[in-house]
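**Student:** I'd like to ask some things about the structure below.
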Amino acid sequence: MSKSISLFSALLCTLIWGTTFIAQDTGMDNIGPFTFNAVRFFVGFLAILPLVILFELKKIKSELKIDKKTFSIYSLLIGLSLFLGSALQQVALLYTDVANAAFFTIFYVPMVPIIIFLYGSKGLHWSVWPSVILCLIGGYLLTNFYDATVRLGDTLVILGALFWSTHIIFTGIIVTKYDLPLTLGAIQTLIVAFFSFLIGIIYEEFVYTYILMEIYSILYAGILSGGFAFVLQIYAQKNITAAPAAIIFSLEGVFATIAAWFILNQILDINNLLGCFFILCGVLLSQLLPLIKIKKA
């Protein structure tokens, strides 16, 4: 039952992430990327904070009495990874299109198992590698990347993918030690908002009127994606290890394509449909093949 809840959390989280690409792109019509992220993630923090007070405030002392230092270090690492990943992705959208950004973002799918493998982890099932390849092929077909021009912004997205992968890995580690998903979600969003504000106030202008012009994009990207989706990610990784979780999260490209078709009336061609199929196959392989081994055992 707990594995099923984690899978549902991962899928719902991925659905929100996929549909947020549109809000991220349109939300910078009148404000800068760091202003957008500062307000977006602070809104996410405000959305999670009441839930922390209601459900985890009493539990925090008992969970942290063993080792507060470890929790603080990993929380900071997770927050910084999220800040760097989201900042690079947001800035990159100024210099590249959504298709390139979506394709290069899913490079965290191979990066997660590679980093885990390099650190000598024995917890990787062999099915991860073909699943990663299928997801990359699917992402390539899904975004029509072959019709786009590689831009300098794509380098920023690839670098951002590295920090998305460390965010997934650090989250996978901390959720096995502490049962505080809402608290961790609130802390990481506050860290992102704080660092985004520091950079934004130096290089950009915080104009209240302009921020209000992007309020709908900010609320969607803040409350759902910046707030609840990252909490859902933490719930998901309680019972799904980092590498398979990254493969499931690659479905955000599928959801982004479906959202563009449904909301923006964009036409799905045969390559888009094949891309969806390859990613779905990769996700299913990563989840089903390890179960065959367990049943044989």
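Letters A, B, ... go to the chains of the structure tokens in the order shown; residues in each chain start at 1; ligands are counted from 1 in the same order.
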Could I get the residues of region 165-249 of chain A with an atom no further than 10 Å from an atom of region 44-52 of chain A, each paired with its nearest atom pair and that distance in Å to one decimal, using only C-alpha atoms, sorted by chain and residue number, as a Markdown table?

**Tutor:**
| residue | atom | partner | partner_atom | distance |
| --- | --- | --- | --- | --- |
| A:Leu180 | CA | A:Val52 | CA | 8.8 |
| A:Pro181 | CA | A:Val52 | CA | 9.0 |
| A:Leu182 | CA | A:Val52 | CA | 5.6 |
| A:Thr183 | CA | A:Val52 | CA | 5.8 |
| A:Leu184 | CA | A:Val52 | CA | 9.4 |
| A:Gly185 | CA | A:Ile48 | CA | 7.4 |
| A:Ala186 | CA | A:Phe45 | CA | 5.1 |
| A:Ile187 | CA | A:Phe45 | CA | 7.7 |
| A:Gln188 | CA | A:Phe45 | CA | 8.4 |
| A:Thr189 | CA | A:Phe45 | CA | 5.5 |
| A:Leu190 | CA | A:Phe45 | CA | 5.8 |
| A:Ile191 | CA | A:Phe45 | CA | 9.5 |
| A:Val192 | CA | A:Phe45 | CA | 9.7 |
| A:Ala193 | CA | A:Phe45 | CA | 8.4 |
| A:Ile218 | CA | A:Gly44 | CA | 9.5 |
| A:Leu219 | CA | A:Gly44 | CA | 8.3 |
| A:Tyr220 | CA | A:Gly44 | CA | 9.5 |
| A:Ala221 | CA | A:Gly44 | CA | 8.3 |
| A:Gly222 | CA | A:Gly44 | CA | 4.7 |
| A:Ile223 | CA | A:Gly44 | CA | 4.6 |
| A:Leu224 | CA | A:Gly44 | CA | 7.4 |
| A:Ser225 | CA | A:Gly44 | CA | 7.8 |
| A:Gly226 | CA | A:Gly44 | CA | 5.2 |
| A:Gly227 | CA | A:Gly44 | CA | 4.0 |
| A:Phe228 | CA | A:Ile48 | CA | 7.1 |
| A:Ala229 | CA | A:Gly44 | CA | 9.6 |
| A:Phe230 | CA | A:Gly44 | CA | 9.6 |
| A:Val231 | CA | A:Ile48 | CA | 8.6 |

**Student:** For those residues, write N, CA and C atoms to a file as a PDB file, in the first residue's frame.

**Tutor:**
ATOM      1  N   LEU A 180       9.696  13.785   7.990  1.00  0.00           N
ATOM      2  CA  LEU A 180       9.225  15.175   8.068  1.00  0.00           C
ATOM      3  C   LEU A 180       9.094  15.764   6.654  1.00  0.00           C
ATOM      4  N   PRO A 181       8.274  15.179   5.798  1.00  0.00           N
ATOM      5  CA  PRO A 181       8.184  15.646   4.400  1.00  0.00           C
ATOM      6  C   PRO A 181       7.686  17.077   4.264  1.00  0.00           C
ATOM      7  N   LEU A 182       6.688  17.467   5.077  1.00  0.00           N
ATOM      8  CA  LEU A 182       6.155  18.819   4.982  1.00  0.00           C
ATOM      9  C   LEU A 182       7.168  19.849   5.463  1.00  0.00           C
ATOM     10  N   THR A 183       7.843  19.536   6.563  1.00  0.00           N
ATOM     11  CA  THR A 183       8.870  20.436   7.102  1.00  0.00           C
ATOM     12  C   THR A 183      10.004  20.623   6.111  1.00  0.00           C
ATOM     13  N   LEU A 184      10.461  19.523   5.523  1.00  0.00           N
ATOM     14  CA  LEU A 184      11.532  19.589   4.531  1.00  0.00           C
ATOM     15  C   LEU A 184      11.090  20.389   3.303  1.00  0.00           C
ATOM     16  N   GLY A 185       9.827  20.180   2.884  1.00  0.00           N
ATOM     17  CA  GLY A 185       9.297  20.930   1.755  1.00  0.00           C
ATOM     18  C   GLY A 185       9.263  22.422   2.021  1.00  0.00           C
ATOM     19  N   ALA A 186       8.865  22.801   3.238  1.00  0.00           N
ATOM     20  CA  ALA A 186       8.813  24.220   3.610  1.00  0.00           C
ATOM     21  C   ALA A 186      10.213  24.823   3.670  1.00  0.00           C
ATOM     22  N   ILE A 187      11.162  24.080   4.237  1.00  0.00           N
ATOM     23  CA  ILE A 187      12.531  24.586   4.365  1.00  0.00           C
ATOM     24  C   ILE A 187      13.158  24.820   2.995  1.00  0.00           C
ATOM     25  N   GLN A 188      13.015  23.854   2.091  1.00  0.00           N
ATOM     26  CA  GLN A 188      13.669  23.998   0.797  1.00  0.00           C
ATOM     27  C   GLN A 188      13.070  25.134  -0.040  1.00  0.00           C
ATOM     28  N   THR A 189      11.751  25.325   0.046  1.00  0.00           N
ATOM     29  CA  THR A 189      11.138  26.432  -0.701  1.00  0.00           C
ATOM     30  C   THR A 189      11.567  27.785  -0.137  1.00  0.00           C
ATOM     31  N   LEU A 190      11.724  27.862   1.184  1.00  0.00           N
ATOM     32  CA  LEU A 190      12.174  29.114   1.809  1.00  0.00           C
ATOM     33  C   LEU A 190      13.615  29.425   1.413  1.00  0.00           C
ATOM     34  N   ILE A 191      14.457  28.395   1.342  1.00  0.00           N
ATOM     35  CA  ILE A 191      15.854  28.584   0.926  1.00  0.00           C
ATOM     36  C   ILE A 191      15.912  29.116  -0.503  1.00  0.00           C
ATOM     37  N   VAL A 192      15.124  28.519  -1.403  1.00  0.00           N
ATOM     38  CA  VAL A 192      15.105  28.967  -2.806  1.00  0.00           C
ATOM     39  C   VAL A 192      14.611  30.409  -2.900  1.00  0.00           C
ATOM     40  N   ALA A 193      13.531  30.722  -2.169  1.00  0.00           N
ATOM     41  CA  ALA A 193      12.983  32.079  -2.189  1.00  0.00           C
ATOM     42  C   ALA A 193      14.018  33.088  -1.682  1.00  0.00           C
ATOM     43  N   ILE A 218       2.378  32.884 -11.249  1.00  0.00           N
ATOM     44  CA  ILE A 218       3.087  32.753  -9.972  1.00  0.00           C
ATOM     45  C   ILE A 218       2.320  31.840  -9.013  1.00  0.00           C
ATOM     46  N   LEU A 219       1.017  32.018  -8.929  1.00  0.00           N
ATOM     47  CA  LEU A 219       0.208  31.201  -8.011  1.00  0.00           C
ATOM     48  C   LEU A 219       0.230  29.733  -8.419  1.00  0.00           C
ATOM     49  N   TYR A 220       0.119  29.479  -9.728  1.00  0.00           N
ATOM     50  CA  TYR A 220       0.135  28.082 -10.188  1.00  0.00           C
ATOM     51  C   TYR A 220       1.504  27.455  -9.951  1.00  0.00           C
ATOM     52  N   ALA A 221       2.546  28.171 -10.417  1.00  0.00           N
ATOM     53  CA  ALA A 221       3.903  27.641 -10.268  1.00  0.00           C
ATOM     54  C   ALA A 221       4.342  27.618  -8.811  1.00  0.00           C
ATOM     55  N   GLY A 222       3.784  28.518  -7.980  1.00  0.00           N
ATOM     56  CA  GLY A 222       4.173  28.590  -6.579  1.00  0.00           C
ATOM     57  C   GLY A 222       3.462  27.591  -5.698  1.00  0.00           C
ATOM     58  N   ILE A 223       2.123  27.657  -5.673  1.00  0.00           N
ATOM     59  CA  ILE A 223       1.351  26.790  -4.769  1.00  0.00           C
ATOM     60  C   ILE A 223       1.435  25.324  -5.196  1.00  0.00           C
ATOM     61  N   LEU A 224       1.203  25.057  -6.477  1.00  0.00           N
ATOM     62  CA  LEU A 224       1.165  23.664  -6.929  1.00  0.00           C
ATOM     63  C   LEU A 224       2.559  23.089  -7.170  1.00  0.00           C
ATOM     64  N   SER A 225       3.353  23.761  -8.017  1.00  0.00           N
ATOM     65  CA  SER A 225       4.668  23.213  -8.361  1.00  0.00           C
ATOM     66  C   SER A 225       5.710  23.492  -7.283  1.00  0.00           C
ATOM     67  N   GLY A 226       5.914  24.769  -6.944  1.00  0.00           N
ATOM     68  CA  GLY A 226       6.930  25.119  -5.957  1.00  0.00           C
ATOM     69  C   GLY A 226       6.626  24.624  -4.560  1.00  0.00           C
ATOM     70  N   GLY A 227       5.343  24.442  -4.247  1.00  0.00           N
ATOM     71  CA  GLY A 227       4.957  23.989  -2.912  1.00  0.00           C
ATOM     72  C   GLY A 227       4.618  22.518  -2.857  1.00  0.00           C
ATOM     73  N   PHE A 228       3.402  22.172  -3.285  1.00  0.00           N
ATOM     74  CA  PHE A 228       2.884  20.821  -3.071  1.00  0.00           C
ATOM     75  C   PHE A 228       3.586  19.746  -3.902  1.00  0.00           C
ATOM     76  N   ALA A 229       4.020  20.084  -5.131  1.00  0.00           N
ATOM     77  CA  ALA A 229       4.663  19.066  -5.969  1.00  0.00           C
ATOM     78  C   ALA A 229       5.963  18.566  -5.350  1.00  0.00           C
ATOM     79  N   PHE A 230       6.738  19.474  -4.760  1.00  0.00           N
ATOM     80  CA  PHE A 230       7.995  19.045  -4.150  1.00  0.00           C
ATOM     81  C   PHE A 230       7.763  18.273  -2.854  1.00  0.00           C
ATOM     82  N   VAL A 231       6.661  18.549  -2.160  1.00  0.00           N
ATOM     83  CA  VAL A 231       6.287  17.726  -1.001  1.00  0.00           C
ATOM     84  C   VAL A 231       5.875  16.328  -1.472  1.00  0.00           C
TER      85      VAL A 231
END

**Student:** Can you pull out the residues contacting Ile173 (chain A)? Cut-off 12 Å, using only C-alpha atoms, and skip same-chain residues under 5 positions away; I want them as a ChimeraX atom specification.

**Tutor:** /A:70-71,73-75,77-78,116,166-168,178-179,234,237-242

**Student:** Convert the current residue selection to file output with C-alpha atoms, as a compact mmCIF listing (two decimals), in the first residue's frame.

**Tutor:**
# COMPACT_ATOMS: atom_id res chain seq x y z
CA THR A 70 22.61 15.85 9.75
CA PHE A 71 19.08 17.10 9.06
CA ILE A 73 23.16 19.76 6.40
CA TYR A 74 20.95 17.70 4.08
CA SER A 75 18.18 20.32 4.19
CA LEU A 77 22.05 20.72 0.34
CA ILE A 78 18.53 19.96 -0.91
CA ILE A 116 24.89 6.72 -7.67
CA THR A 166 21.59 15.96 -6.77
CA HIS A 167 18.25 17.23 -5.41
CA ILE A 168 16.66 13.83 -6.11
CA TYR A 178 13.53 11.56 8.94
CA ASP A 179 9.75 11.43 8.56
CA ILE A 234 9.43 13.70 -0.87
CA GLN A 237 10.87 8.92 -2.55
CA LYS A 238 10.05 7.37 0.82
CA ASN A 239 9.40 4.05 -0.97
CA ILE A 240 11.02 4.58 -4.39
CA THR A 241 14.80 4.77 -4.73
CA ALA A 242 16.42 7.72 -6.50

**Student:** CA of Gly85 (chain A) and CA of Thr14 (chain A) are how many Å apart?

**Tutor:**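 CA of Gly85 (chain A) sits 16.0 Å away from CA of Thr14 (chain A).
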
**Student:** Of the residues A:Leu57, A:Ile248, A:Val39, A:Val128, which is the one nearest to Phe197 (chain A), using only C-alpha atoms?

**Tutor:**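 Counting only C-alpha atoms, the residue closest to Phe197 (chain A) is A:Val39.
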
**Student:** Fewer than 2 positions away in the same chain doesn't count, so skip those; otherwise give me all residues within 12 Å of Ile279 (chain A), counting only C-alpha atoms, as a VMD selection string.

**Tutor:** chain A and resid 106 109 130 to 142 246 to 255 272 to 277 281 to 286

**Student:** Could you find all residues in region 107-274 of chain A that DSSP calls helix (DSSP H, G or I) from the backbone, and write them as a PyMOL selection string?

**Tutor:** chain A and resi 108-118+128-142+145-147+152-174+181-203+208-213+215-236+242-249+252-263+270-274

**Student:** May I have the residues within 10 Å of Ile158 (chain A) as a compact mmCIF listing (two decimals) with C-alpha atoms, in the first residue's frame, using only C-alpha atoms and disregarding those fewer than 6 positions away in the same chain?

**Tutor:**
# COMPACT_ATOMS: atom_id res chain seq x y z
CA GLY A 85 18.36 23.75 -10.63
CA LEU A 88 19.35 27.80 -14.18
CA GLN A 89 16.19 26.41 -15.78
CA ALA A 92 17.65 29.41 -19.61
CA ALA A 101 14.51 23.23 -22.07
CA PHE A 103 14.57 17.90 -23.51
CA PHE A 104 17.78 18.92 -21.73
CA THR A 105 16.09 19.02 -18.31
CA ILE A 106 15.41 15.26 -18.48
CA PHE A 107 19.18 14.71 -18.59
CA TYR A 108 18.81 14.29 -14.83
CA TRP A 164 18.03 18.42 -10.27
